[in-house]
Structure formats: structure tokens, C-alpha cells
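**Q** My structure is stored as coords_0.cif, with mmCIF, C-alpha atoms.
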data_model
#
loop_
_atom_site.label_atom_id
_atom_site.label_comp_id
_atom_site.auth_asym_id
_atom_site.auth_seq_id
_atom_site.Cartn_x
_atom_site.Cartn_y
_atom_site.Cartn_z
CA MET A 1 -6.54 78.46 -42.00
CA SER A 2 -4.13 81.29 -41.34
CA ALA A 3 -1.03 80.89 -39.23
CA ILE A 4 -2.61 83.09 -36.53
CA HIS A 5 -5.73 80.92 -36.43
CA ARG A 6 -3.62 77.78 -36.24
CA LEU A 7 -1.62 79.28 -33.39
CA ARG A 8 -4.76 80.22 -31.51
CA SER A 9 -6.24 76.74 -32.01
CA TYR A 10 -3.03 75.13 -30.81
CA GLY A 11 -2.98 77.40 -27.75
CA ALA A 12 -6.60 76.58 -26.88
CA ALA A 13 -5.96 72.85 -27.24
CA LEU A 14 -2.85 73.10 -25.08
CA LEU A 15 -4.75 75.04 -22.42
CA ALA A 16 -7.54 72.44 -22.42
CA LEU A 17 -5.00 69.62 -22.08
CA VAL A 18 -3.29 71.33 -19.14
CA SER A 19 -6.67 71.91 -17.48
CA MET A 20 -7.63 68.26 -17.93
CA GLN A 21 -4.31 67.09 -16.50
CA ALA A 22 -4.68 69.43 -13.52
CA ALA A 23 -8.21 68.18 -12.88
CA ALA A 24 -7.07 64.56 -13.12
CA ALA A 25 -4.28 65.26 -10.64
CA THR A 26 -6.57 66.84 -8.07
CA THR A 27 -9.72 64.72 -8.41
CA ALA A 28 -9.87 61.66 -6.17
CA PRO A 29 -11.31 58.45 -7.66
CA VAL A 30 -14.78 57.45 -6.52
CA VAL A 31 -14.96 54.61 -3.95
CA ALA A 32 -17.82 52.47 -5.26
CA PRO A 33 -18.62 50.57 -2.00
CA LEU A 34 -19.38 53.90 -0.31
CA ALA A 35 -22.33 54.34 -2.67
CA GLN A 36 -23.75 51.00 -1.48
CA ALA A 37 -23.26 51.55 2.25
CA ARG A 38 -26.15 52.63 4.45
CA GLN A 39 -24.19 52.75 7.70
CA LEU A 40 -20.85 54.45 8.19
CA VAL A 41 -18.45 54.59 11.12
CA VAL A 42 -16.24 57.65 10.61
CA VAL A 43 -13.07 58.40 12.58
CA THR A 44 -11.15 61.63 12.04
CA SER A 45 -7.89 62.66 13.66
CA PRO A 46 -6.03 65.99 13.82
CA ASP A 47 -3.14 64.78 11.60
CA TRP A 48 -1.17 61.70 10.54
CA ASN A 49 0.74 61.53 13.83
CA ALA A 50 -2.20 62.01 16.20
CA THR A 51 -2.85 59.14 18.61
CA HIS A 52 -6.47 60.17 19.24
CA GLY A 53 -9.52 60.95 17.16
CA GLN A 54 -13.27 61.43 17.07
CA LEU A 55 -15.74 58.73 16.04
CA ARG A 56 -19.13 59.54 14.51
CA ALA A 57 -21.83 57.16 13.26
CA PHE A 58 -23.92 57.95 10.18
CA GLU A 59 -26.93 56.37 8.52
CA ARG A 60 -28.57 57.12 5.17
CA ASP A 61 -32.08 58.56 5.29
CA ALA A 62 -34.86 57.82 2.79
CA SER A 63 -33.42 60.39 0.37
CA GLY A 64 -29.96 58.79 0.50
CA ARG A 65 -28.37 61.56 2.54
CA TRP A 66 -26.06 60.83 5.45
CA GLN A 67 -27.51 61.67 8.86
CA ALA A 68 -25.43 61.73 12.05
CA LEU A 69 -26.65 59.47 14.84
CA GLY A 70 -26.17 60.96 18.28
CA GLU A 71 -22.97 62.64 19.40
CA GLY A 72 -19.45 61.75 18.44
CA PHE A 73 -17.02 60.40 21.01
CA ALA A 74 -13.30 60.13 21.63
CA VAL A 75 -11.26 57.15 20.44
CA ALA A 76 -7.61 56.17 20.75
CA LEU A 77 -5.51 55.36 17.68
CA GLY A 78 -2.11 53.82 17.04
CA ARG A 79 0.82 54.93 19.16
CA SER A 80 2.46 56.39 16.02
CA GLY A 81 -0.72 57.85 14.52
CA SER A 82 -2.23 56.62 11.24
CA ALA A 83 -1.11 55.68 7.72
CA TRP A 84 -2.74 54.70 4.42
CA GLY A 85 -3.89 51.09 4.71
CA GLU A 86 -5.06 48.44 2.25
CA GLY A 87 -8.84 48.51 1.92
CA LEU A 88 -11.62 49.52 -0.46
CA HIS A 89 -10.11 52.86 -1.41
CA PRO A 90 -7.50 53.45 -4.14
CA GLN A 91 -3.97 54.02 -2.93
CA PRO A 92 -2.85 57.63 -3.41
CA ALA A 93 -0.58 57.99 -6.42
CA ASP A 94 1.29 60.87 -4.80
CA THR A 95 4.18 59.59 -2.70
CA ASP A 96 3.81 62.69 -0.50
CA ALA A 97 0.13 61.95 0.27
CA GLY A 98 0.97 60.44 3.65
CA PRO A 99 2.69 57.42 5.23
CA ARG A 100 1.82 53.85 4.20
CA LYS A 101 0.86 51.20 6.74
CA ARG A 102 3.45 48.51 7.52
CA GLU A 103 3.52 45.63 9.98
CA GLY A 104 4.61 46.74 13.44
CA ASP A 105 4.68 50.47 12.67
CA GLY A 106 2.16 51.32 15.41
CA ARG A 107 -0.13 53.19 12.99
CA SER A 108 -3.87 52.77 12.51
CA PRO A 109 -4.82 52.13 8.86
CA ALA A 110 -6.42 55.10 7.13
CA GLY A 111 -8.92 54.76 4.29
CA VAL A 112 -12.21 52.94 3.72
CA PHE A 113 -12.65 49.39 5.03
CA ALA A 114 -15.33 46.74 5.28
CA ILE A 115 -16.48 45.84 8.78
CA GLY A 116 -15.95 42.16 9.53
CA GLU A 117 -17.12 39.88 12.29
CA ALA A 118 -17.59 40.85 15.91
CA PHE A 119 -15.64 39.01 18.61
CA GLY A 120 -15.40 38.91 22.36
CA TYR A 121 -15.05 36.94 25.55
CA ALA A 122 -18.76 36.09 25.97
CA GLU A 123 -20.56 33.26 24.22
CA ARG A 124 -22.93 35.76 22.58
CA ILE A 125 -23.46 39.52 22.45
CA ASP A 126 -26.15 41.99 21.44
CA SER A 127 -25.23 42.45 17.78
CA SER A 128 -26.46 41.47 14.33
CA LEU A 129 -22.89 41.14 13.10
CA PRO A 130 -21.53 37.62 12.73
CA TYR A 131 -19.97 36.88 16.11
CA ARG A 132 -17.10 34.64 17.15
CA PRO A 133 -16.45 33.95 20.84
CA MET A 134 -12.74 33.86 21.59
CA ARG A 135 -11.03 30.99 23.43
CA GLN A 136 -7.77 30.76 25.31
CA SER A 137 -6.43 29.07 22.17
CA SER A 138 -7.58 31.88 19.80
CA TYR A 139 -4.86 33.95 18.11
CA CYS A 140 -4.64 36.52 15.36
CA ILE A 141 -1.54 35.79 13.32
CA ASP A 142 0.74 38.81 12.91
CA VAL A 143 3.74 36.82 11.61
CA ALA A 144 4.21 38.21 8.09
CA ASP A 145 5.58 35.03 6.47
CA SER A 146 2.90 32.76 7.94
CA PRO A 147 0.30 31.28 5.56
CA LEU A 148 -2.25 32.28 8.25
CA TYR A 149 -1.13 35.92 8.29
CA ASN A 150 -3.90 38.37 9.25
CA ARG A 151 -6.33 35.62 10.27
CA ILE A 152 -7.91 34.73 13.61
CA VAL A 153 -7.36 31.02 14.23
CA ASP A 154 -7.74 28.46 16.99
CA ALA A 155 -4.49 26.77 18.00
CA GLU A 156 -6.43 23.62 18.85
CA GLN A 157 -7.45 23.41 15.18
CA VAL A 158 -4.34 24.64 13.35
CA GLY A 159 -1.73 23.38 15.83
CA ALA A 160 0.56 25.10 18.32
CA GLU A 161 3.36 25.50 15.75
CA ALA A 162 1.06 27.49 13.46
CA VAL A 163 0.57 30.21 16.09
CA ALA A 164 4.18 30.26 17.31
CA GLY A 165 5.53 33.78 17.32
CA SER A 166 2.14 35.50 17.20
CA THR A 167 1.82 38.42 19.59
CA GLU A 168 -1.98 38.57 19.34
CA PRO A 169 -3.75 36.17 21.72
CA MET A 170 -7.44 37.03 21.50
CA ARG A 171 -8.25 36.20 25.13
CA LEU A 172 -6.13 38.95 26.59
CA ASP A 173 -7.84 38.53 29.94
CA LEU A 174 -6.42 35.02 30.24
CA HIS A 175 -2.99 35.85 28.82
CA ASN A 176 -2.46 39.30 30.29
CA ASP A 177 -3.81 39.52 33.85
CA GLY A 178 -7.47 40.31 33.17
CA ASP A 179 -6.88 42.68 30.22
CA ARG A 180 -10.33 43.80 28.98
CA ARG A 181 -9.38 45.21 25.57
CA TYR A 182 -10.78 42.36 23.45
CA ARG A 183 -13.84 41.77 25.63
CA GLU A 184 -15.93 43.25 22.80
CA GLY A 185 -14.88 44.40 19.37
CA PHE A 186 -15.10 43.94 15.64
CA VAL A 187 -12.67 43.31 12.81
CA ILE A 188 -11.67 46.20 10.53
CA GLU A 189 -10.97 44.50 7.19
CA HIS A 190 -7.55 46.02 6.57
CA ASN A 191 -5.26 44.15 4.16
CA PRO A 192 -7.98 41.63 3.21
CA ARG A 193 -5.66 39.86 0.76
CA ALA A 194 -3.14 39.36 3.58
CA GLN A 195 -0.23 40.84 1.68
CA PRO A 196 2.88 40.09 3.77
CA GLY A 197 4.17 42.98 5.81
CA LEU A 198 1.36 45.44 5.06
CA GLY A 199 -0.23 45.12 8.51
CA SER A 200 -2.47 42.66 10.30
CA CYS A 201 -4.98 42.14 13.10
CA ILE A 202 -6.68 45.54 12.97
CA PHE A 203 -9.72 45.83 15.23
CA ALA A 204 -12.05 48.25 16.91
CA HIS A 205 -11.89 47.24 20.58
CA LEU A 206 -12.12 48.56 24.13
CA TRP A 207 -9.38 50.71 25.56
CA ARG A 208 -7.53 49.46 28.62
CA ARG A 209 -7.34 52.96 30.07
CA PRO A 210 -9.09 56.08 28.72
CA GLY A 211 -7.15 57.52 25.80
CA GLU A 212 -4.38 54.90 25.86
CA ALA A 213 -2.87 54.54 22.36
CA THR A 214 -2.93 51.19 20.59
CA ALA A 215 -0.64 49.12 18.39
CA GLY A 216 -2.72 50.16 15.34
CA CYS A 217 -6.35 49.55 16.28
CA THR A 218 -9.13 51.98 17.24
CA ALA A 219 -10.08 51.82 20.92
CA MET A 220 -12.99 53.27 22.89
CA GLU A 221 -15.09 53.18 26.06
CA PRO A 222 -17.10 49.95 26.64
CA ALA A 223 -20.47 51.75 26.56
CA ASN A 224 -19.69 53.28 23.16
CA MET A 225 -18.57 49.93 21.75
CA HIS A 226 -21.72 48.28 23.08
CA ARG A 227 -23.91 50.84 21.29
CA LEU A 228 -21.97 50.47 18.04
CA LEU A 229 -22.27 46.69 18.06
CA ALA A 230 -26.01 46.86 18.73
CA TRP A 231 -26.47 49.35 15.87
CA LEU A 232 -24.38 47.77 13.11
CA LYS A 233 -26.36 45.64 10.63
CA PRO A 234 -24.70 43.48 7.93
CA GLU A 235 -27.58 44.14 5.53
CA ALA A 236 -26.77 47.87 5.72
CA ARG A 237 -23.29 47.14 4.28
CA PRO A 238 -21.53 49.14 7.00
CA LEU A 239 -18.09 50.58 6.33
CA PHE A 240 -15.34 51.98 8.52
CA VAL A 241 -13.59 55.21 7.46
CA LEU A 242 -10.51 56.65 9.16
CA LEU A 243 -8.80 59.80 7.88
CA PRO A 244 -6.88 62.79 9.20
CA GLN A 245 -9.02 65.94 9.06
CA ASP A 246 -7.25 67.52 6.07
CA GLU A 247 -7.55 64.31 4.05
CA TYR A 248 -11.20 64.00 5.01
CA ARG A 249 -11.94 67.53 3.80
CA ARG A 250 -10.12 66.82 0.53
CA LEU A 251 -11.95 63.55 -0.12
CA GLN A 252 -15.38 64.30 1.36
CA ALA A 253 -17.03 65.43 -1.89
CA PRO A 254 -15.46 63.02 -4.42
CA TRP A 255 -15.94 60.01 -2.15
CA GLY A 256 -19.45 61.01 -1.07
CA LEU A 257 -18.57 61.09 2.63
CA PRO A 258 -20.81 62.75 5.22
CA ASP A 259 -20.29 66.41 5.97
CA ILE A 260 -18.79 66.35 9.45
CA ALA A 261 -18.70 70.15 9.73
CA GLY A 262 -22.37 70.14 10.67
CA ALA A 263 -22.30 66.92 12.68
CA ALA A 264 -22.41 66.80 16.45
CA PRO A 265 -18.89 67.22 17.93
#
Let's see the structure in the file written out as C-alpha cells.

**A**
Amino acid sequence: MSAIHRLRSYGAALLALVSMQAAAATTAPVVAPLAQARQLVVVTSPDWNATHGQLRAFERDASGRWQALGEGFAVALGRSGSAWGEGLHPQPADTDAGPRKREGDGRSPAGVFAIGEAFGYAERIDSSLPYRPMRQSSYCIDVADSPLYNRIVDAEQVGAEAVAGSTEPMRLDLHNDGDRRYREGFVIEHNPRAQPGLGSCIFAHLWRRPGEATAGCTAMEPANMHRLLAWLKPEARPLFVLLPQDEYRRLQAPWGLPDIAGAAP
């Protein structure tokens, strides 16, 4: 092979390598649980610092395509916006890809998350999700060094010392002058391994006042929550997705997310 041919071959190989590296840098990894889900709750926000967003519900049709159910509606997010949480999605390798969720930062976790049990003040509700009625002694532990971190527990079972310092009593109506926020809701499975300091007690729940920002949860009108709870089915492997709009557009194709451009506003 001549020197010119060798140079051309080397150049072609180098160009291919650069192209592969560029593709690897810009292609988001697939999120396998999204391929299994048949119900999806999608929240998008204007940007990382937005305290409000839009929630849309989607269901797969017989062909496997996502179909929007009804119209979207307004939700309130964390008082500081949102940040990448710990869930079913891979963490972005780029340190400039957005903030990371931390305990007490007032941000709602962004990413893809399993939907856990429903909870509320009543003994039972209209939902197929596993349901746990809350008691005056029910707390979610947001103390990072507690062995019960990021778990809902009953003080009568674990002891008063175990819930000392927690700021998350689950019967807010009894602890906070009739507060309705946890009257109905469900757990968003953020930080399922309960890694200390990465954030805890993340729920979808009612808002106290329309549009009022949260400490990191997603809040909505009671009628909208009631419809969501009645619709969600564990056998449909429902997932919760929260992303700023730019991130959603970037990840929509590689993650197999619904096209929200054509969905009802």
C-alpha cells in the first residue's frame, strides 16, 4: 500500500472514530422500564428553575403507541424548580446537564420514576394502586442519617424516637390546622435506595392553594388527583416522568417518550 493510500485510510478511520465519539456523546441511553410501561404521567416545566408545569397522562394503544388521555392540566413544583433525581433513568454524565437533587433543596426530582403506593386521610379511596391510610402517628422520615430515611412509618410501631426530627407528618390536617395537601396522593419513587442526602419523601399530592409551590413534590387540584388515582393501574406498570421542556425534547426520541407537541395543551 502506498503512503498516500495509508494516509487516506488513516484519515477515514480517524473520521469514523470522531463520528462515533460524537454520536456517543449526544445519544442518551435507553431507559428500559419505559418500554414496559403502558401508562405514563408526564410533567414538563419551562426550565430548571420553574415552580410550575403541565401534567399529561398517556396510555399505549394496541399498536404500542402513546396516546394522550384528555387535556393536560397545571401542577405546582418545588419552590426552587427541579433537579435530576435518583430513579430509573441514567444520571447525565455531563456536569453541565442540570442541577442534582439534594435533601432540602426545594427542587422536584427530574427523570423517570416508578409510581408507588397511594395514601390519604380516608380509610379507602377509588384506586387500584396499593393504598395506605395515614394516621396521626404516620411520618415520612426526611432525616438523612436515619436508618428509616425516605420511608413512611408509624410512630406507634417504630417508636417516637425514630421519628424525632422528621418534618413530614402525613396527617397534615391534624398537625397543621386542617391542611388538605396529603388528603390524597401517591408516592413518586425517587431515591429508592434511600441514599443519604439525595432527597426524600417525594409525592404527588393536592395543592393547598392553586399554584402554590412545594418543598419538592408535584401538587395539583383535588379533582385532577382523583381522576389520576382512579386511572392508574399497577398491572400497566405506570411511570412518572418530570423534565424541563428542553430536556424532554432532547430525550423524547431516545427514551421513547410520547410526543407532547401534538398532545392537548

**Q** Given the PyMOL selection byres ((chain A and resi 153) around 9) and the file above, list the residues it selects as a short mmCIF file (atom, residue, chain, number, x, y, z; two decimals) with C-alpha atoms, in the coordinates of the input.

**A**
data_model
loop_
_atom_site.label_atom_id
_atom_site.label_comp_id
_atom_site.auth_asym_id
_atom_site.auth_seq_id
_atom_site.Cartn_x
_atom_site.Cartn_y
_atom_site.Cartn_z
CA SER A 137 -6.43 29.07 22.17
CA SER A 138 -7.58 31.88 19.80
CA TYR A 139 -4.86 33.95 18.11
CA CYS A 140 -4.64 36.52 15.36
CA ILE A 141 -1.54 35.79 13.32
CA LEU A 148 -2.25 32.28 8.25
CA ARG A 151 -6.33 35.62 10.27
CA ILE A 152 -7.91 34.73 13.61
CA ASP A 154 -7.74 28.46 16.99
CA ALA A 155 -4.49 26.77 18.00
CA GLU A 156 -6.43 23.62 18.85
CA GLN A 157 -7.45 23.41 15.18
CA VAL A 158 -4.34 24.64 13.35
CA VAL A 163 0.57 30.21 16.09
#

**Q** Could you list the residues chosen by the PyMOL selection byres ((chain A and resi 105) around 10) in this structure as a list of chain:residue names?

**A**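 So the PyMOL selection byres ((chain A and resi 105) around 10) ends up selecting A:Gly78, A:Arg79, A:Ser80, A:Gly81, A:Ser82, A:Ala83, A:Arg100, A:Lys101, A:Arg102, A:Glu103, A:Gly104, A:Gly106, A:Arg107, A:Ser108, A:Leu198, A:Gly199, A:Ala215, A:Gly216.
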
**Q** Please evaluate the PyMOL selection byres ((chain A and resi 55-60) around 6) against the displayed coordinates and give the resulting residues as a list in words.

**A**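 Going through the file, the PyMOL selection byres ((chain A and resi 55-60) around 6) ends up selecting Arg38, Gln39, Leu40, Val41, Val42, Val43, Gln54, Asp61, Gly64, Arg65, Trp66, Gln67, Ala68, Leu69, Gly72 and Phe73 of chain A.
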
**Q** Might you pull out every residue within 7 Å of region 246-260 of chain A, with all atoms listed in the file counted and same-chain residues fewer than 4 positions away left off, and present them as a VMD selection string?

**A** chain A and resid 28 to 31 66

**Q** Using all atoms listed in the file, can you tell me which of A:Ala162, A:Leu239, A:Ala144, A:Leu174 comes closest to Ser200 (chain A)?

**A**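 That would be A:Ala144, the residue with the smallest distance to Ser200 (chain A).
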
**Q** If I take CA of Thr167 (chain A) and CA of Tyr149 (chain A), how far is one from the other in Å, to one decimal?

**A**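 Those two atoms sit 11.9 Å apart.
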
**Q** Select all residues near (-13.6, 53.8, -1.7) (cut-off 6 Å, inclusive, file coordinates), counting only C-alpha atoms, and output them as a PyMOL selection string.

**A** chain A and resi 31-34+88-89+112

**Q** So how many Å separate CA of Ser45 (chain A) and CA of Pro196 (chain A), to one decimal?

**A**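 Value for the CA of Ser45 (chain A)-CA of Pro196 (chain A) distance: 26.9 Å.
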
**Q** For each of A:Pro99, A:Pro109, A:Gly53, A:Pro210, take the minimum atom-to-atom distance to Asn191 (chain A), counting all atoms listed in the file, then give the residue where this is smallest.

**A**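 Going through A:Pro99, A:Pro109, A:Gly53, A:Pro210 one by one, the smallest distance to Asn191 (chain A) is for A:Pro109.
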
**Q** Measuring atom to atom with only C-alpha atoms, identify which of A:Met170, A:Leu232, A:Cys201, A:Ala160 is nearest to Asp126 (chain A).

**A**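 Closest candidate: A:Leu232.
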
**Q** Excluding Ala213 (chain A) and its own-chain neighbours fewer than 6 positions away, which residues fall within 8 Å of it when counting only C-alpha atoms? Please give them as a list of chain:residue names.

**A**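 Listing them by chain and then by number gives A:Thr51, A:His52, A:Ala76, A:Leu77, A:Gly78, A:Arg79, A:Ala219.
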
**Q** For a test of reading the model, state the distance in Å between CA of Asp47 (chain A) and CA of Gly116 (chain A), rounded to one decimal.

**A**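 That distance, rounded to one decimal, is 26.1 Å.
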
**Q** As JSON, what would the box around region 98-117 of chain A look like: edges along x, y and z, 6 Å added on every side, centre and edge lengths in Å to one decimal?

**A**
{"center_x": -6.2, "center_y": 50.2, "center_z": 9.5, "size_x": 33.8, "size_y": 32.6, "size_z": 23.8}

**Q** Show me as a list in words the residues that reach within 9 Å of (0.1, 57.8, 2.3), counting only C-alpha atoms and using the file's own coordinates.

**A**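 So the residues meeting the distance criterion are Ala83, Trp84, Gly85, Gln91, Pro92, Ala93, Asp94, Thr95, Asp96, Ala97, Gly98, Pro99, Arg100, Lys101 and Ala110 of chain A.
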
**Q** Let me make sure I understand: among A:Ser127, A:Asp179, A:Ile115, A:Pro192, which one has the smallest atom-to-atom distance to Leu206 (chain A) if we use all atoms listed in the file?

**A**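 Result for the nearest residue to Leu206 (chain A): A:Asp179.
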
**Q** Output region 85-194 of chain A from the block with C-alpha atoms, as a short mmCIF file (atom, residue, chain, number, x, y, z; two decimals), in the first residue's frame?

**A**
data_model
loop_
_atom_site.label_atom_id
_atom_site.label_comp_id
_atom_site.auth_asym_id
_atom_site.auth_seq_id
_atom_site.Cartn_x
_atom_site.Cartn_y
_atom_site.Cartn_z
CA GLY A 85 -33.21 12.87 40.85
CA GLU A 86 -32.40 9.23 41.55
CA GLY A 87 -34.78 6.95 39.66
CA LEU A 88 -34.94 4.58 36.69
CA HIS A 89 -33.03 6.83 34.31
CA PRO A 90 -29.23 7.04 33.99
CA GLN A 91 -27.62 10.06 35.57
CA PRO A 92 -26.30 12.52 32.98
CA ALA A 93 -22.55 12.24 32.59
CA ASP A 94 -22.26 15.93 31.70
CA THR A 95 -21.83 18.03 34.84
CA ASP A 96 -23.50 20.92 32.98
CA ALA A 97 -26.65 18.88 32.21
CA GLY A 98 -28.57 20.45 35.07
CA PRO A 99 -28.69 20.57 38.88
CA ARG A 100 -28.74 17.40 41.00
CA LYS A 101 -31.37 16.80 43.66
CA ARG A 102 -30.29 17.13 47.30
CA GLU A 103 -32.16 16.94 50.60
CA GLY A 104 -33.83 20.22 51.47
CA ASP A 105 -33.03 21.99 48.20
CA GLY A 106 -36.70 22.67 47.40
CA ARG A 107 -36.44 21.07 43.95
CA SER A 108 -38.71 18.44 42.42
CA PRO A 109 -36.79 15.39 41.15
CA ALA A 110 -36.49 15.22 37.36
CA GLY A 111 -36.20 11.95 35.45
CA VAL A 112 -38.17 8.70 35.23
CA PHE A 113 -39.61 7.15 38.39
CA ALA A 114 -41.79 4.24 39.42
CA ILE A 115 -45.15 5.12 40.94
CA GLY A 116 -45.52 3.71 44.44
CA GLU A 117 -48.45 3.34 46.79
CA ALA A 118 -51.32 5.76 47.15
CA PHE A 119 -52.01 7.37 50.53
CA GLY A 120 -54.54 9.64 52.12
CA TYR A 121 -56.70 10.56 55.08
CA ALA A 122 -59.62 8.22 54.24
CA GLU A 123 -59.76 4.52 55.06
CA ARG A 124 -60.09 3.70 51.35
CA ILE A 125 -60.16 5.52 48.03
CA ASP A 126 -61.16 4.86 44.42
CA SER A 127 -57.88 3.50 43.10
CA SER A 128 -56.30 0.22 42.04
CA LEU A 129 -52.95 1.31 43.46
CA PRO A 130 -51.94 -0.20 46.79
CA TYR A 131 -53.33 2.22 49.36
CA ARG A 132 -52.20 3.13 52.86
CA PRO A 133 -54.44 5.27 55.10
CA MET A 134 -52.42 7.73 57.13
CA ARG A 135 -52.71 8.09 60.91
CA GLN A 136 -51.81 10.89 63.27
CA SER A 137 -48.72 8.82 64.07
CA SER A 138 -47.66 8.43 60.39
CA TYR A 139 -44.45 10.17 59.31
CA CYS A 140 -42.18 10.18 56.30
CA ILE A 141 -38.60 10.30 57.52
CA ASP A 142 -36.56 13.11 55.95
CA VAL A 143 -33.66 12.87 58.43
CA ALA A 144 -30.73 11.88 56.21
CA ASP A 145 -28.79 9.85 58.79
CA SER A 146 -31.83 7.88 59.97
CA PRO A 147 -32.00 4.15 59.11
CA LEU A 148 -35.64 4.88 58.15
CA TYR A 149 -34.69 7.66 55.72
CA ASN A 150 -37.18 8.10 52.85
CA ARG A 151 -39.75 5.72 54.35
CA ILE A 152 -43.29 6.28 55.61
CA VAL A 153 -43.55 4.78 59.09
CA ASP A 154 -45.93 4.69 62.03
CA ALA A 155 -44.50 6.12 65.25
CA GLU A 156 -46.64 3.69 67.24
CA GLN A 157 -44.72 0.84 65.58
CA VAL A 158 -41.17 2.24 65.31
CA GLY A 159 -41.22 4.42 68.43
CA ALA A 160 -41.32 8.17 69.00
CA GLU A 161 -37.51 8.46 68.98
CA ALA A 162 -37.35 7.00 65.47
CA VAL A 163 -39.43 9.85 64.03
CA ALA A 164 -37.81 12.62 66.08
CA GLY A 165 -36.69 15.44 63.84
CA SER A 166 -38.86 14.47 60.88
CA THR A 167 -40.64 17.40 59.27
CA GLU A 168 -43.09 15.21 57.33
CA PRO A 169 -46.15 14.20 59.37
CA MET A 170 -48.51 12.50 56.92
CA ARG A 171 -51.72 13.70 58.59
CA LEU A 172 -51.15 17.35 57.86
CA ASP A 173 -54.77 18.11 58.68
CA LEU A 174 -54.19 17.02 62.28
CA HIS A 175 -50.74 18.61 62.63
CA ASN A 176 -51.25 21.78 60.62
CA ASP A 177 -54.73 23.24 61.16
CA GLY A 178 -56.73 21.24 58.62
CA ASP A 179 -54.08 21.23 55.86
CA ARG A 180 -55.51 19.22 52.93
CA ARG A 181 -52.33 18.58 50.94
CA TYR A 182 -51.93 14.89 51.82
CA ARG A 183 -55.65 14.10 51.74
CA GLU A 184 -54.99 12.13 48.54
CA GLY A 185 -51.73 11.38 46.79
CA PHE A 186 -49.22 8.81 45.67
CA VAL A 187 -45.54 8.14 46.21
CA ILE A 188 -43.06 9.06 43.47
CA GLU A 189 -40.26 6.51 43.92
CA HIS A 190 -37.37 8.95 44.00
CA ASN A 191 -34.15 7.73 45.65
CA PRO A 192 -35.49 4.18 46.11
CA ARG A 193 -32.21 3.01 47.66
CA ALA A 194 -32.52 5.78 50.27
#
